[in-house]
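For reference, the structure discussed in these notes is given below.
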Amino acid sequence: MVCFSLSLPGRSAAEPTPPEKTHDAPTQTLIVSAPRSGLAELNTPAALSVLTGEDFRQAKPQVNLSESMGSVPGLQIQNRQNYAQDLQLSVRGFGARSMYGVRGVRIYVDGIPATMPDGQGQTSNIDLSSVDKVEVLRGPFSALYGNAYGGVVNVDTVTGSQPDKIEAVLYTGSYGSWRYGVKATGADGSQAGDVNYAVSTTRFTTHGYRDHSDARKNLGNAKLGVRINDVSTLTLLINAVDITANDPGGLTEDQWHDNPRQATRAEQFNTRKTLTQTQAGLRYQRQMSDNDDLSVMMYAGERDTTQYQAMPVATQANPLQAGGVIDLTRHYQGIDTRWTHRGALGDVPLTLTGGLDYETMTEQRKGYENYTLNNGVTELGTQGNLRRNEHNLMWSLDPYLQSAWSLTSRLTLNAGVRFSHVQFDSDDRYITADNGDDSGNARYHRWLPVGSLSYAVTDDWNAYLSAGRGFETPTINELSYRPDNQPGLNYALKPSTSNTIEVGSKARIGSGLATVALFQTDTENEIVVADISNGRTSYTNAGKTRRRGLELSLGQQFAEDIQLRLAWTLLNATYRTRACGSSDCSDGDAIAAGNRLPGIARNMGYASLAWSPPEGWYAGLEVRYMSDIDVDDENSQQAPAYTVAALDTGYRYVLGNWLMNLYGRVDNLFDRRYAGSVIVNEINGRYFEPAAGRNCGGGVSLAYTFQ
């Protein structure tokens, strides 16, 4: 009999764990602690995809998640060709409206949230050279992770093991791109007091495909574990990233077709971004008894960001304008405590997981003019006078409870609930006669229930039905300004609430896995742009929306080391009721019922075929398809559909303790011109972020194993 319980980020299967124990209740814990065998994907009653570290490293530049995640249905992840704005990532259409960073999707790296309490996240600190696995959860059970309902992306990095190993990597590609780094892993002993380590550092530089898009990124990641005694372990996690990147911005349709590499306004204002982030986490795990486990995760970090925007001087003349230079200092910390009990209720095996998750972030946000006057001459792209100064506090406190019941040998009931409480406090410290006091506070809370029934038709085939409710609060940016231009927070802005029902089936076919998921999500109070004026963007709620979709995937391993992956997503995301693109619809900016939600492709397809023996030559071919994407709520323009292909090949050579891997690849093989991503509802019509043409690269890795 196989059962499972859904668990929040805590222990990864790769980390040192207490010794095996035997008990009557089933113990397989899935989703965020899924093994790499594929069993978790088969038995989880939710849409779940698991990628291994090799998926990100074999013949890949190892710069962006988007390089390797096309095989995940329901996930739309695109490279903006803009390292100042991070990837564009959405799950089942949630997060597509984000103009920068990741919105509406929870991201964890080794159990530490990369998503802040208000739902705004980023992927810049993920070290792809250290990835052990990446899990993507979609659908109702995402609600158990709190604010930001669209889905969950959980990244686990490798844990050191014997024998010790050191590896150096070098990659170079088109547009002056270079990436190089070193990684060391290992462990010592097998008794209490044992230690393991995994340390990695990399540097990436590029001139960029577009004008004014050069970037530099330094990244370090460390994971140190110790077995305190026979029943407890302690893991220290350290991560640091330093980014300097120019921002080419978006283009109008005419500019894109005329010259996709241009960045005229960006060069005029010298738009750019610098970011530094350092964080540390400490995870304690203890086996309290044969049937009880305790996990405590504590973390803290600091993130500093300075960004220069292309804000015209005339626009900043308005006293309500916050300036074209953003200066942010953020301190964040949190603790997640979780208890898991395995037992029985009568004759029914039962697993219970309960916990309390607390997250907080303090933010010092300043705004400056992006120009200075020097002897009567206006110099653009320089920090000028202060125009904004506020201190913000965001925190969340979420208790949660999950259970798994093995009702029969084939029928399993899973249920869970999370009470999510999110609070915002803003203290405006820049108050003038023309700029009122924007201080204020807002609180949101919701019960988030989920449940599922799964039935094992055979040992290799199951079906499930699941349902749940989730919610997504406004971010602090979306709360900052009111559509009526009055001072104070945008109290009228409500969190969006979503109800999802999903039916799916999974089957093991030979050595592979086939999945299908059919879902519908109804959302009330979808958050959309209300108005953009004087450089201020305000938001409102847009009534009801609906997302209906079908997700298909197939992964198969054939003889002779041949691997096949197929994925298809059909997603129809529309406004169900007439909505307002402004505060009262009086200016004719209503969004018609039936309009498509912008930034979301209706169809996505992926296919890859790889020949990958453990030694000698290997090669791979992949094809991606994306249908057209509307760029705004009015559906006035679209980014056209496209199909692109990539080809790679390499050679692995083993000599004693040495392993050398040489590879090369070509992306956009047929030099297709297309928009890699769009900036949703960009007020000046600069929606399009062009993708690179045909580009190539190659690399080498050299590893030595100590034996």
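Residue numbering restarts at 1 in every chain; chains get A, B, ... in the order shown in the structure tokens, and ligands count up from 1 in that same order.
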Applying 7 Å and only C-alpha atoms, which residues near Gly181 in chain A remain after dropping the ones on its own chain fewer than 4 positions away? List them as a PyMOL selection string.
chain A and resi 168-170+201-203
Just the selected residues (N, CA and C atoms), exported as a PDB file, in the first residue's frame, please.
```pdb
ATOM      1  N   ALA A 168      35.482  22.005 -12.703  1.00  0.00           N
ATOM      2  CA  ALA A 168      35.622  23.336 -13.289  1.00  0.00           C
ATOM      3  C   ALA A 168      34.869  23.363 -14.613  1.00  0.00           C
ATOM      4  N   VAL A 169      34.173  24.496 -14.884  1.00  0.00           N
ATOM      5  CA  VAL A 169      33.375  24.607 -16.101  1.00  0.00           C
ATOM      6  C   VAL A 169      33.695  25.909 -16.817  1.00  0.00           C
ATOM      7  N   LEU A 170      33.562  25.888 -18.147  1.00  0.00           N
ATOM      8  CA  LEU A 170      33.769  27.067 -18.971  1.00  0.00           C
ATOM      9  C   LEU A 170      32.799  27.007 -20.143  1.00  0.00           C
ATOM     10  N   THR A 201      30.843  28.377  -7.081  1.00  0.00           N
ATOM     11  CA  THR A 201      30.907  29.793  -7.430  1.00  0.00           C
ATOM     12  C   THR A 201      31.010  29.921  -8.941  1.00  0.00           C
ATOM     13  N   THR A 202      30.285  30.885  -9.526  1.00  0.00           N
ATOM     14  CA  THR A 202      30.293  31.081 -10.973  1.00  0.00           C
ATOM     15  C   THR A 202      30.280  32.574 -11.295  1.00  0.00           C
ATOM     16  N   ARG A 203      30.729  32.882 -12.496  1.00  0.00           N
ATOM     17  CA  ARG A 203      30.685  34.256 -13.010  1.00  0.00           C
ATOM     18  C   ARG A 203      30.185  34.199 -14.449  1.00  0.00           C
TER      19      ARG A 203
END
```
Considering only C-alpha atoms, return as a count of residues only whatever protein or nucleic-acid residues lie within 9 Å of Glu167 in chain A, sequence-local ones (same chain, fewer than 5 positions apart) excluded.
10
In range 191-339 of chain A, DSSP alpha helix (DSSP H) residues written as a PyMOL selection string:
chain A and resi 253-258+264-269
For Asn695 in chain A, which residue out of A:Val644, A:Gly656, A:Ala590, A:Leu413 is the nearest one, using only C-alpha atoms?
A:Val644
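The residue set within 8 Å of Leu397 in chain A, counting only C-alpha atoms and dropping same-chain residues fewer than 2 places from it, reads Leu356, Asp357, Tyr358, Glu359, Trp395, Pro399, Ser420, His421 and Val422 of chain A.
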In Å, rounded to a single decimal, give me how far CA of Gly95 in chain A is from CA of Met394 in chain A.
19.9 Å
Among the residues of range 127-251 of chain A, find those DSSP assigns to strand (DSSP E or B) from the backbone and print them as a PDB file with N, CA and C atoms, in the first residue's frame.
```
ATOM      1  N   VAL A 131      22.151  22.549  -9.053  1.00  0.00           N
ATOM      2  CA  VAL A 131      20.792  22.023  -8.937  1.00  0.00           C
ATOM      3  C   VAL A 131      20.809  20.500  -8.871  1.00  0.00           C
ATOM      4  N   ASP A 132      20.087  19.951  -7.909  1.00  0.00           N
ATOM      5  CA  ASP A 132      19.872  18.512  -7.823  1.00  0.00           C
ATOM      6  C   ASP A 132      18.556  18.132  -8.485  1.00  0.00           C
ATOM      7  N   LYS A 133      17.506  18.901  -8.216  1.00  0.00           N
ATOM      8  CA  LYS A 133      16.224  18.704  -8.891  1.00  0.00           C
ATOM      9  C   LYS A 133      15.384  19.965  -8.756  1.00  0.00           C
ATOM     10  N   VAL A 134      14.438  20.109  -9.680  1.00  0.00           N
ATOM     11  CA  VAL A 134      13.469  21.196  -9.661  1.00  0.00           C
ATOM     12  C   VAL A 134      12.086  20.583  -9.791  1.00  0.00           C
ATOM     13  N   GLU A 135      11.205  20.927  -8.860  1.00  0.00           N
ATOM     14  CA  GLU A 135       9.832  20.427  -8.874  1.00  0.00           C
ATOM     15  C   GLU A 135       8.882  21.581  -9.173  1.00  0.00           C
ATOM     16  N   VAL A 136       7.954  21.357 -10.077  1.00  0.00           N
ATOM     17  CA  VAL A 136       6.959  22.360 -10.449  1.00  0.00           C
ATOM     18  C   VAL A 136       5.579  21.789 -10.137  1.00  0.00           C
ATOM     19  N   LEU A 137       4.918  22.387  -9.158  1.00  0.00           N
ATOM     20  CA  LEU A 137       3.582  21.963  -8.736  1.00  0.00           C
ATOM     21  C   LEU A 137       2.563  22.947  -9.271  1.00  0.00           C
ATOM     22  N   ARG A 138       1.506  22.418  -9.895  1.00  0.00           N
ATOM     23  CA  ARG A 138       0.456  23.252 -10.464  1.00  0.00           C
ATOM     24  C   ARG A 138      -0.891  22.772  -9.925  1.00  0.00           C
ATOM     25  N   GLY A 151       1.217  28.599  -8.635  1.00  0.00           N
ATOM     26  CA  GLY A 151       1.947  27.344  -8.614  1.00  0.00           C
ATOM     27  C   GLY A 151       3.155  27.465  -7.722  1.00  0.00           C
ATOM     28  N   VAL A 152       3.931  26.400  -7.661  1.00  0.00           N
ATOM     29  CA  VAL A 152       5.120  26.349  -6.814  1.00  0.00           C
ATOM     30  C   VAL A 152       6.284  25.813  -7.633  1.00  0.00           C
ATOM     31  N   VAL A 153       7.402  26.517  -7.581  1.00  0.00           N
ATOM     32  CA  VAL A 153       8.656  26.039  -8.161  1.00  0.00           C
ATOM     33  C   VAL A 153       9.631  25.837  -7.010  1.00  0.00           C
ATOM     34  N   ASN A 154      10.019  24.586  -6.770  1.00  0.00           N
ATOM     35  CA  ASN A 154      10.911  24.259  -5.671  1.00  0.00           C
ATOM     36  C   ASN A 154      12.239  23.746  -6.218  1.00  0.00           C
ATOM     37  N   VAL A 155      13.328  24.399  -5.826  1.00  0.00           N
ATOM     38  CA  VAL A 155      14.667  24.051  -6.300  1.00  0.00           C
ATOM     39  C   VAL A 155      15.459  23.476  -5.139  1.00  0.00           C
ATOM     40  N   ASP A 156      15.997  22.294  -5.323  1.00  0.00           N
ATOM     41  CA  ASP A 156      16.904  21.685  -4.350  1.00  0.00           C
ATOM     42  C   ASP A 156      18.290  21.590  -4.968  1.00  0.00           C
ATOM     43  N   THR A 157      19.302  22.046  -4.245  1.00  0.00           N
ATOM     44  CA  THR A 157      20.669  21.914  -4.733  1.00  0.00           C
ATOM     45  C   THR A 157      21.277  20.609  -4.209  1.00  0.00           C
ATOM     46  N   LYS A 165      34.660  15.372  -4.840  1.00  0.00           N
ATOM     47  CA  LYS A 165      34.747  15.653  -6.267  1.00  0.00           C
ATOM     48  C   LYS A 165      34.911  17.149  -6.477  1.00  0.00           C
ATOM     49  N   ILE A 166      35.732  17.537  -7.449  1.00  0.00           N
ATOM     50  CA  ILE A 166      35.896  18.942  -7.818  1.00  0.00           C
ATOM     51  C   ILE A 166      35.710  19.062  -9.315  1.00  0.00           C
ATOM     52  N   GLU A 167      35.052  20.150  -9.733  1.00  0.00           N
ATOM     53  CA  GLU A 167      34.714  20.317 -11.147  1.00  0.00           C
ATOM     54  C   GLU A 167      34.882  21.768 -11.553  1.00  0.00           C
ATOM     55  N   ALA A 168      35.482  22.005 -12.703  1.00  0.00           N
ATOM     56  CA  ALA A 168      35.622  23.336 -13.289  1.00  0.00           C
ATOM     57  C   ALA A 168      34.869  23.363 -14.613  1.00  0.00           C
ATOM     58  N   VAL A 169      34.173  24.496 -14.884  1.00  0.00           N
ATOM     59  CA  VAL A 169      33.375  24.607 -16.101  1.00  0.00           C
ATOM     60  C   VAL A 169      33.695  25.909 -16.817  1.00  0.00           C
ATOM     61  N   LEU A 170      33.562  25.888 -18.147  1.00  0.00           N
ATOM     62  CA  LEU A 170      33.769  27.067 -18.971  1.00  0.00           C
ATOM     63  C   LEU A 170      32.799  27.007 -20.143  1.00  0.00           C
ATOM     64  N   TYR A 171      32.082  28.105 -20.383  1.00  0.00           N
ATOM     65  CA  TYR A 171      31.156  28.205 -21.514  1.00  0.00           C
ATOM     66  C   TYR A 171      31.377  29.546 -22.199  1.00  0.00           C
ATOM     67  N   THR A 172      31.330  29.547 -23.516  1.00  0.00           N
ATOM     68  CA  THR A 172      31.373  30.789 -24.278  1.00  0.00           C
ATOM     69  C   THR A 172      30.392  30.686 -25.428  1.00  0.00           C
ATOM     70  N   GLY A 173      29.758  31.811 -25.748  1.00  0.00           N
ATOM     71  CA  GLY A 173      28.738  31.786 -26.784  1.00  0.00           C
ATOM     72  C   GLY A 173      28.602  33.121 -27.481  1.00  0.00           C
ATOM     73  N   SER A 177      29.266  36.192 -24.716  1.00  0.00           N
ATOM     74  CA  SER A 177      28.838  35.545 -23.471  1.00  0.00           C
ATOM     75  C   SER A 177      29.914  34.591 -22.952  1.00  0.00           C
ATOM     76  N   TRP A 178      30.203  34.700 -21.676  1.00  0.00           N
ATOM     77  CA  TRP A 178      31.158  33.816 -21.000  1.00  0.00           C
ATOM     78  C   TRP A 178      30.585  33.414 -19.648  1.00  0.00           C
ATOM     79  N   ARG A 179      30.771  32.150 -19.325  1.00  0.00           N
ATOM     80  CA  ARG A 179      30.410  31.675 -17.992  1.00  0.00           C
ATOM     81  C   ARG A 179      31.481  30.690 -17.541  1.00  0.00           C
ATOM     82  N   TYR A 180      31.997  30.897 -16.335  1.00  0.00           N
ATOM     83  CA  TYR A 180      33.001  29.981 -15.809  1.00  0.00           C
ATOM     84  C   TYR A 180      32.835  29.874 -14.307  1.00  0.00           C
ATOM     85  N   GLY A 181      33.243  28.719 -13.769  1.00  0.00           N
ATOM     86  CA  GLY A 181      33.073  28.518 -12.339  1.00  0.00           C
ATOM     87  C   GLY A 181      33.701  27.227 -11.879  1.00  0.00           C
ATOM     88  N   VAL A 182      33.591  26.984 -10.585  1.00  0.00           N
ATOM     89  CA  VAL A 182      34.149  25.786  -9.974  1.00  0.00           C
ATOM     90  C   VAL A 182      33.187  25.301  -8.898  1.00  0.00           C
ATOM     91  N   LYS A 183      33.117  23.983  -8.725  1.00  0.00           N
ATOM     92  CA  LYS A 183      32.221  23.376  -7.730  1.00  0.00           C
ATOM     93  C   LYS A 183      32.948  22.233  -7.048  1.00  0.00           C
ATOM     94  N   ALA A 184      32.767  22.126  -5.732  1.00  0.00           N
ATOM     95  CA  ALA A 184      33.369  21.040  -4.960  1.00  0.00           C
ATOM     96  C   ALA A 184      32.302  20.409  -4.087  1.00  0.00           C
ATOM     97  N   THR A 185      32.247  19.078  -4.061  1.00  0.00           N
ATOM     98  CA  THR A 185      31.291  18.348  -3.228  1.00  0.00           C
ATOM     99  C   THR A 185      32.009  17.200  -2.545  1.00  0.00           C
ATOM    100  N   GLY A 186      31.471  16.773  -1.397  1.00  0.00           N
ATOM    101  CA  GLY A 186      32.064  15.641  -0.705  1.00  0.00           C
ATOM    102  C   GLY A 186      31.425  15.409   0.640  1.00  0.00           C
ATOM    103  N   ALA A 187      31.891  14.385   1.340  1.00  0.00           N
ATOM    104  CA  ALA A 187      31.388  14.033   2.666  1.00  0.00           C
ATOM    105  C   ALA A 187      32.483  13.274   3.402  1.00  0.00           C
ATOM    106  N   ASP A 188      32.336  13.229   4.730  1.00  0.00           N
ATOM    107  CA  ASP A 188      33.343  12.574   5.562  1.00  0.00           C
ATOM    108  C   ASP A 188      32.643  11.707   6.591  1.00  0.00           C
ATOM    109  N   VAL A 195      29.950  14.980   8.290  1.00  0.00           N
ATOM    110  CA  VAL A 195      29.706  16.248   7.614  1.00  0.00           C
ATOM    111  C   VAL A 195      29.661  16.008   6.111  1.00  0.00           C
ATOM    112  N   ASN A 196      28.939  16.883   5.401  1.00  0.00           N
ATOM    113  CA  ASN A 196      28.948  16.889   3.947  1.00  0.00           C
ATOM    114  C   ASN A 196      28.973  18.333   3.481  1.00  0.00           C
ATOM    115  N   TYR A 197      29.449  18.550   2.268  1.00  0.00           N
ATOM    116  CA  TYR A 197      29.559  19.911   1.775  1.00  0.00           C
ATOM    117  C   TYR A 197      29.345  19.943   0.269  1.00  0.00           C
ATOM    118  N   ALA A 198      28.842  21.071  -0.199  1.00  0.00           N
ATOM    119  CA  ALA A 198      28.724  21.360  -1.628  1.00  0.00           C
ATOM    120  C   ALA A 198      28.902  22.870  -1.769  1.00  0.00           C
ATOM    121  N   VAL A 199      29.951  23.278  -2.442  1.00  0.00           N
ATOM    122  CA  VAL A 199      30.301  24.689  -2.581  1.00  0.00           C
ATOM    123  C   VAL A 199      30.493  24.992  -4.059  1.00  0.00           C
ATOM    124  N   SER A 200      29.900  26.087  -4.523  1.00  0.00           N
ATOM    125  CA  SER A 200      29.978  26.439  -5.934  1.00  0.00           C
ATOM    126  C   SER A 200      30.085  27.945  -6.090  1.00  0.00           C
ATOM    127  N   THR A 201      30.843  28.377  -7.081  1.00  0.00           N
ATOM    128  CA  THR A 201      30.907  29.793  -7.430  1.00  0.00           C
ATOM    129  C   THR A 201      31.010  29.921  -8.941  1.00  0.00           C
ATOM    130  N   THR A 202      30.285  30.885  -9.526  1.00  0.00           N
ATOM    131  CA  THR A 202      30.293  31.081 -10.973  1.00  0.00           C
ATOM    132  C   THR A 202      30.280  32.574 -11.295  1.00  0.00           C
ATOM    133  N   ARG A 203      30.729  32.882 -12.496  1.00  0.00           N
ATOM    134  CA  ARG A 203      30.685  34.256 -13.010  1.00  0.00           C
ATOM    135  C   ARG A 203      30.185  34.199 -14.449  1.00  0.00           C
ATOM    136  N   PHE A 204      29.245  35.096 -14.776  1.00  0.00           N
ATOM    137  CA  PHE A 204      28.680  35.171 -16.122  1.00  0.00           C
ATOM    138  C   PHE A 204      28.768  36.614 -16.608  1.00  0.00           C
ATOM    139  N   THR A 205      29.235  36.787 -17.845  1.00  0.00           N
ATOM    140  CA  THR A 205      29.273  38.107 -18.476  1.00  0.00           C
ATOM    141  C   THR A 205      28.766  37.982 -19.899  1.00  0.00           C
ATOM    142  N   THR A 206      28.146  39.042 -20.400  1.00  0.00           N
ATOM    143  CA  THR A 206      27.647  39.044 -21.769  1.00  0.00           C
ATOM    144  C   THR A 206      27.528  40.472 -22.278  1.00  0.00           C
ATOM    145  N   ALA A 215      25.659  42.590 -19.326  1.00  0.00           N
ATOM    146  CA  ALA A 215      25.381  42.215 -17.940  1.00  0.00           C
ATOM    147  C   ALA A 215      26.559  41.451 -17.365  1.00  0.00           C
ATOM    148  N   ARG A 216      26.639  41.492 -16.034  1.00  0.00           N
ATOM    149  CA  ARG A 216      27.623  40.713 -15.286  1.00  0.00           C
ATOM    150  C   ARG A 216      26.937  40.145 -14.058  1.00  0.00           C
ATOM    151  N   LYS A 217      27.210  38.867 -13.774  1.00  0.00           N
ATOM    152  CA  LYS A 217      26.574  38.206 -12.634  1.00  0.00           C
ATOM    153  C   LYS A 217      27.583  37.309 -11.940  1.00  0.00           C
ATOM    154  N   ASN A 218      27.778  37.538 -10.643  1.00  0.00           N
ATOM    155  CA  ASN A 218      28.594  36.671  -9.797  1.00  0.00           C
ATOM    156  C   ASN A 218      27.665  35.960  -8.815  1.00  0.00           C
ATOM    157  N   LEU A 219      27.862  34.658  -8.669  1.00  0.00           N
ATOM    158  CA  LEU A 219      26.955  33.861  -7.845  1.00  0.00           C
ATOM    159  C   LEU A 219      27.741  32.849  -7.028  1.00  0.00           C
ATOM    160  N   GLY A 220      27.415  32.746  -5.747  1.00  0.00           N
ATOM    161  CA  GLY A 220      28.022  31.745  -4.881  1.00  0.00           C
ATOM    162  C   GLY A 220      26.964  30.993  -4.101  1.00  0.00           C
ATOM    163  N   ASN A 221      27.174  29.696  -3.915  1.00  0.00           N
ATOM    164  CA  ASN A 221      26.201  28.874  -3.196  1.00  0.00           C
ATOM    165  C   ASN A 221      26.947  27.827  -2.370  1.00  0.00           C
ATOM    166  N   ALA A 222      26.517  27.645  -1.132  1.00  0.00           N
ATOM    167  CA  ALA A 222      27.164  26.665  -0.253  1.00  0.00           C
ATOM    168  C   ALA A 222      26.114  25.945   0.572  1.00  0.00           C
ATOM    169  N   LYS A 223      26.328  24.641   0.772  1.00  0.00           N
ATOM    170  CA  LYS A 223      25.427  23.797   1.560  1.00  0.00           C
ATOM    171  C   LYS A 223      26.294  22.882   2.418  1.00  0.00           C
ATOM    172  N   LEU A 224      26.205  23.056   3.718  1.00  0.00           N
ATOM    173  CA  LEU A 224      27.041  22.315   4.666  1.00  0.00           C
ATOM    174  C   LEU A 224      26.141  21.581   5.639  1.00  0.00           C
ATOM    175  N   GLY A 225      26.304  20.258   5.746  1.00  0.00           N
ATOM    176  CA  GLY A 225      25.462  19.449   6.615  1.00  0.00           C
ATOM    177  C   GLY A 225      26.267  18.687   7.639  1.00  0.00           C
ATOM    178  N   VAL A 226      25.652  18.447   8.794  1.00  0.00           N
ATOM    179  CA  VAL A 226      26.302  17.670   9.847  1.00  0.00           C
ATOM    180  C   VAL A 226      25.255  16.789  10.514  1.00  0.00           C
ATOM    181  N   ARG A 227      25.610  15.545  10.773  1.00  0.00           N
ATOM    182  CA  ARG A 227      24.744  14.646  11.526  1.00  0.00           C
ATOM    183  C   ARG A 227      25.102  14.795  12.998  1.00  0.00           C
ATOM    184  N   ILE A 228      24.201  15.413  13.750  1.00  0.00           N
ATOM    185  CA  ILE A 228      24.475  15.693  15.158  1.00  0.00           C
ATOM    186  C   ILE A 228      24.543  14.398  15.959  1.00  0.00           C
ATOM    187  N   ASN A 229      23.569  13.519  15.745  1.00  0.00           N
ATOM    188  CA  ASN A 229      23.550  12.208  16.386  1.00  0.00           C
ATOM    189  C   ASN A 229      22.720  11.279  15.510  1.00  0.00           C
ATOM    190  N   SER A 232      19.229  13.222  14.501  1.00  0.00           N
ATOM    191  CA  SER A 232      19.081  14.632  14.147  1.00  0.00           C
ATOM    192  C   SER A 232      20.211  15.092  13.235  1.00  0.00           C
ATOM    193  N   THR A 233      19.869  16.044  12.366  1.00  0.00           N
ATOM    194  CA  THR A 233      20.828  16.630  11.438  1.00  0.00           C
ATOM    195  C   THR A 233      20.660  18.141  11.422  1.00  0.00           C
ATOM    196  N   LEU A 234      21.714  18.829  10.988  1.00  0.00           N
ATOM    197  CA  LEU A 234      21.714  20.284  10.889  1.00  0.00           C
ATOM    198  C   LEU A 234      22.347  20.654   9.549  1.00  0.00           C
ATOM    199  N   THR A 235      21.688  21.553   8.809  1.00  0.00           N
ATOM    200  CA  THR A 235      22.186  21.963   7.502  1.00  0.00           C
ATOM    201  C   THR A 235      22.274  23.480   7.444  1.00  0.00           C
ATOM    202  N   LEU A 236      23.435  23.994   7.036  1.00  0.00           N
ATOM    203  CA  LEU A 236      23.656  25.431   6.861  1.00  0.00           C
ATOM    204  C   LEU A 236      23.642  25.746   5.374  1.00  0.00           C
ATOM    205  N   LEU A 237      22.884  26.772   4.993  1.00  0.00           N
ATOM    206  CA  LEU A 237      22.732  27.167   3.591  1.00  0.00           C
ATOM    207  C   LEU A 237      23.161  28.627   3.442  1.00  0.00           C
ATOM    208  N   ILE A 238      24.046  28.891   2.497  1.00  0.00           N
ATOM    209  CA  ILE A 238      24.525  30.246   2.255  1.00  0.00           C
ATOM    210  C   ILE A 238      24.458  30.518   0.756  1.00  0.00           C
ATOM    211  N   ASN A 239      23.951  31.699   0.393  1.00  0.00           N
ATOM    212  CA  ASN A 239      23.808  32.055  -1.010  1.00  0.00           C
ATOM    213  C   ASN A 239      24.063  33.553  -1.173  1.00  0.00           C
ATOM    214  N   ALA A 240      24.787  33.932  -2.227  1.00  0.00           N
ATOM    215  CA  ALA A 240      25.066  35.342  -2.499  1.00  0.00           C
ATOM    216  C   ALA A 240      25.085  35.565  -3.998  1.00  0.00           C
ATOM    217  N   VAL A 241      24.544  36.705  -4.436  1.00  0.00           N
ATOM    218  CA  VAL A 241      24.528  37.049  -5.851  1.00  0.00           C
ATOM    219  C   VAL A 241      24.785  38.540  -5.993  1.00  0.00           C
ATOM    220  N   ASP A 242      25.489  38.891  -7.060  1.00  0.00           N
ATOM    221  CA  ASP A 242      25.834  40.286  -7.359  1.00  0.00           C
ATOM    222  C   ASP A 242      25.641  40.486  -8.855  1.00  0.00           C
ATOM    223  N   ILE A 243      24.718  41.385  -9.241  1.00  0.00           N
ATOM    224  CA  ILE A 243      24.361  41.579 -10.650  1.00  0.00           C
ATOM    225  C   ILE A 243      24.486  43.052 -11.012  1.00  0.00           C
ATOM    226  N   THR A 244      25.089  43.322 -12.150  1.00  0.00           N
ATOM    227  CA  THR A 244      25.073  44.634 -12.782  1.00  0.00           C
ATOM    228  C   THR A 244      24.612  44.430 -14.213  1.00  0.00           C
ATOM    229  N   ALA A 245      23.511  45.088 -14.609  1.00  0.00           N
ATOM    230  CA  ALA A 245      22.948  44.831 -15.936  1.00  0.00           C
ATOM    231  C   ALA A 245      22.336  46.101 -16.501  1.00  0.00           C
ATOM    232  N   ASN A 246      22.573  46.342 -17.770  1.00  0.00           N
ATOM    233  CA  ASN A 246      21.872  47.399 -18.481  1.00  0.00           C
ATOM    234  C   ASN A 246      20.497  46.901 -18.901  1.00  0.00           C
ATOM    235  N   LEU A 251      10.100  47.446 -27.014  1.00  0.00           N
ATOM    236  CA  LEU A 251       9.983  48.141 -28.292  1.00  0.00           C
ATOM    237  C   LEU A 251       8.535  48.147 -28.753  1.00  0.00           C
TER     238      LEU A 251
END
```
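Proximity to Arg547 in chain A was assessed for A:Val91, A:Leu655, A:Leu386, A:Met311 counting only C-alpha atoms; the smallest distance is recorded for A:Val91.
The two atoms in question, CA of Val109 in chain A and CA of Asn43 in chain A, are spaced 23.6 Å apart.
The smallest atom-to-atom distance between Gln333 in chain A and any of A:Thr115, A:Thr52, A:Gln321, A:Thr432, using only C-alpha atoms, is found for A:Thr115.
Nearest-residue note for Ala415 in chain A: choosing from A:Asp254, A:Asp428, A:Trp461, A:Leu453, the minimum distance belongs to A:Leu453, counting only C-alpha atoms.
Computed from the coordinates, the CA of Glu369 in chain A to CA of Pro319 in chain A distance equals 11.3 Å.
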Write out as an MDAnalysis selection string the residues lying within 7 Å of Asn499 in chain A, counting only C-alpha atoms and excluding same-chain residues fewer than 5 positions away.
chainID A and resid 468:470 521:523
Store the residues picked out above in a file with N, CA, C and O atoms, as an mmCIF file, in the first residue's frame.
```cif
data_model
loop_
_atom_site.group_PDB
_atom_site.id
_atom_site.type_symbol
_atom_site.label_atom_id
_atom_site.label_comp_id
_atom_site.auth_asym_id
_atom_site.auth_seq_id
_atom_site.Cartn_x
_atom_site.Cartn_y
_atom_site.Cartn_z
ATOM 1 N N GLY A 468 -9.536 23.028 -4.734
ATOM 2 C CA GLY A 468 -8.985 23.889 -3.694
ATOM 3 C C GLY A 468 -9.260 25.351 -3.958
ATOM 4 O O GLY A 468 -9.694 25.739 -5.050
ATOM 5 N N ARG A 469 -9.009 26.154 -2.925
ATOM 6 C CA ARG A 469 -9.178 27.605 -3.014
ATOM 7 C C ARG A 469 -7.868 28.274 -2.646
ATOM 8 O O ARG A 469 -7.207 27.878 -1.681
ATOM 9 N N GLY A 470 -7.479 29.274 -3.412
ATOM 10 C CA GLY A 470 -6.271 30.025 -3.121
ATOM 11 C C GLY A 470 -6.517 31.512 -3.260
ATOM 12 O O GLY A 470 -7.573 31.942 -3.728
ATOM 13 N N THR A 521 -10.106 27.016 -13.413
ATOM 14 C CA THR A 521 -9.887 27.940 -12.301
ATOM 15 C C THR A 521 -10.726 29.182 -12.515
ATOM 16 O O THR A 521 -10.581 29.873 -13.532
ATOM 17 N N ASP A 522 -11.618 29.476 -11.574
ATOM 18 C CA ASP A 522 -12.436 30.687 -11.603
ATOM 19 C C ASP A 522 -11.894 31.663 -10.569
ATOM 20 O O ASP A 522 -11.748 31.313 -9.389
ATOM 21 N N THR A 523 -11.605 32.869 -11.021
ATOM 22 C CA THR A 523 -10.995 33.880 -10.166
ATOM 23 C C THR A 523 -11.903 35.094 -10.055
ATOM 24 O O THR A 523 -12.459 35.562 -11.058
#
```
